[in-house]
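Trainee: Here it is, the structure in full.
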Amino acid sequence: MAEKGIEKVLAEVLKSGGDILAEVCPSCRVPLVKVRGEVYCPSCGRRVLLVKTDYEAVAQRRRLILEELEDVLLAQLDKATKMLREELDEEQLRSIIYILDALKRAEDVKRSVVGIEQE
Ligand SMILES: [Zn+2]
């Protein structure tokens, strides 16, 4: 992205109540922006995690993995629910139960990760 393009994006970020941070994108070297709690690069659009310690970095990474897992599980749950609507199949119902169980476990793990971070 051209330098002028980035400045335009940065101006829009400020207008929308976001912040321009002192930290730069590891790949583009342009200032990162923070909008509604999310930090990202205005150039490549990559979400960036700002962390103070290695420990925090690990915790953040875990949380991202778990969020991704939840997204995948919810998509599968949606698919299974639609199939169940077509036909009440015991196998399908069982997979829904497994998905719900996995979601609950993912939520539990996420909560414990967040809990550790708050210490
Ligand atoms: Zn970037």
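Convention: chains lettered A, B, ... in structure tokens order; per-chain residue numbering from 1; ligands numbered from 1 as shown.
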Dump the neighbourhood of ligand 1 as a list in words: all residues within 12 Å, distances computed on only C-alpha atoms and all ligand atoms.
Mentor: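 Protein and nucleic-acid residues within 12 Å of ligand 1: Met1, Ile6, Glu23, Val24, Cys25, Pro26, Ser27, Cys28, Arg29, Val30, Pro31, Leu32, Val33, Val39, Tyr40, Cys41, Pro42, Ser43, Cys44, Gly45, Arg46, Arg47 and Val48 of chain A.
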Trainee: Looking only at strand (DSSP E) from DSSP on the backbone, list the matching residues of chain A as an mmCIF file with C-alpha atoms, in the first residue's frame.
Mentor:
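Result file is selection32.cif:
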```
data_model
loop_
_atom_site.group_PDB
_atom_site.id
_atom_site.type_symbol
_atom_site.label_atom_id
_atom_site.label_comp_id
_atom_site.auth_asym_id
_atom_site.auth_seq_id
_atom_site.Cartn_x
_atom_site.Cartn_y
_atom_site.Cartn_z
ATOM 1 C CA ASP A 19 -5.746 5.020 18.337
ATOM 2 C CA ILE A 20 -2.488 4.994 16.446
ATOM 3 C CA LEU A 21 0.110 3.140 18.461
ATOM 4 C CA ALA A 22 3.852 3.638 18.846
ATOM 5 C CA GLU A 23 4.431 -0.017 17.908
ATOM 6 C CA VAL A 24 4.868 -0.963 14.257
ATOM 7 C CA PRO A 31 2.312 2.112 12.929
ATOM 8 C CA LEU A 32 -0.294 -0.255 14.312
ATOM 9 C CA VAL A 33 -3.788 0.959 15.067
ATOM 10 C CA LYS A 34 -6.177 0.054 17.841
ATOM 11 C CA VAL A 35 -9.885 0.112 17.082
ATOM 12 C CA GLU A 38 -8.400 -4.820 18.391
ATOM 13 C CA VAL A 39 -4.857 -4.057 17.287
ATOM 14 C CA TYR A 40 -4.120 -4.444 13.616
#
```
Trainee: So, counting only C-alpha atoms, which residue among A:Leu73, A:Leu84, A:Ser16, A:Arg61 is closest to Asp101 (chain A)?
Mentor: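 Of the candidates, the smallest distance to Asp101 (chain A) is held by A:Leu73.
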Trainee: Just the alpha helix (DSSP H) stuff from chain A, please, per backbone DSSP, written as a ChimeraX atom specification.
Mentor: /A:3-15,54-86,90-117
Trainee: Please measure the separation of CA of Asp89 (chain A) and CA of Leu77 (chain A), giving the value in Å to one decimal.
Mentor: 14.4 Å
Trainee: Return the single residue from A:Val109, A:Val51, A:Val9, A:Leu103 that is closest to Leu69 (chain A), with distances computed using only C-alpha atoms.
Mentor: A:Leu103
Trainee: Which residues come within 12 Å of region 90-100 of chain A, counting only C-alpha atoms, excluding same-chain residues fewer than 6 positions away, as a list in words?
Mentor: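 The filter keeps Leu69, Glu70, Asp71, Val72, Leu73, Leu74, Ala75, Gln76, Leu77, Asp78, Lys79, Ala80, Thr81, Lys82, Met83, Leu84, Ala106 and Glu107 of chain A.
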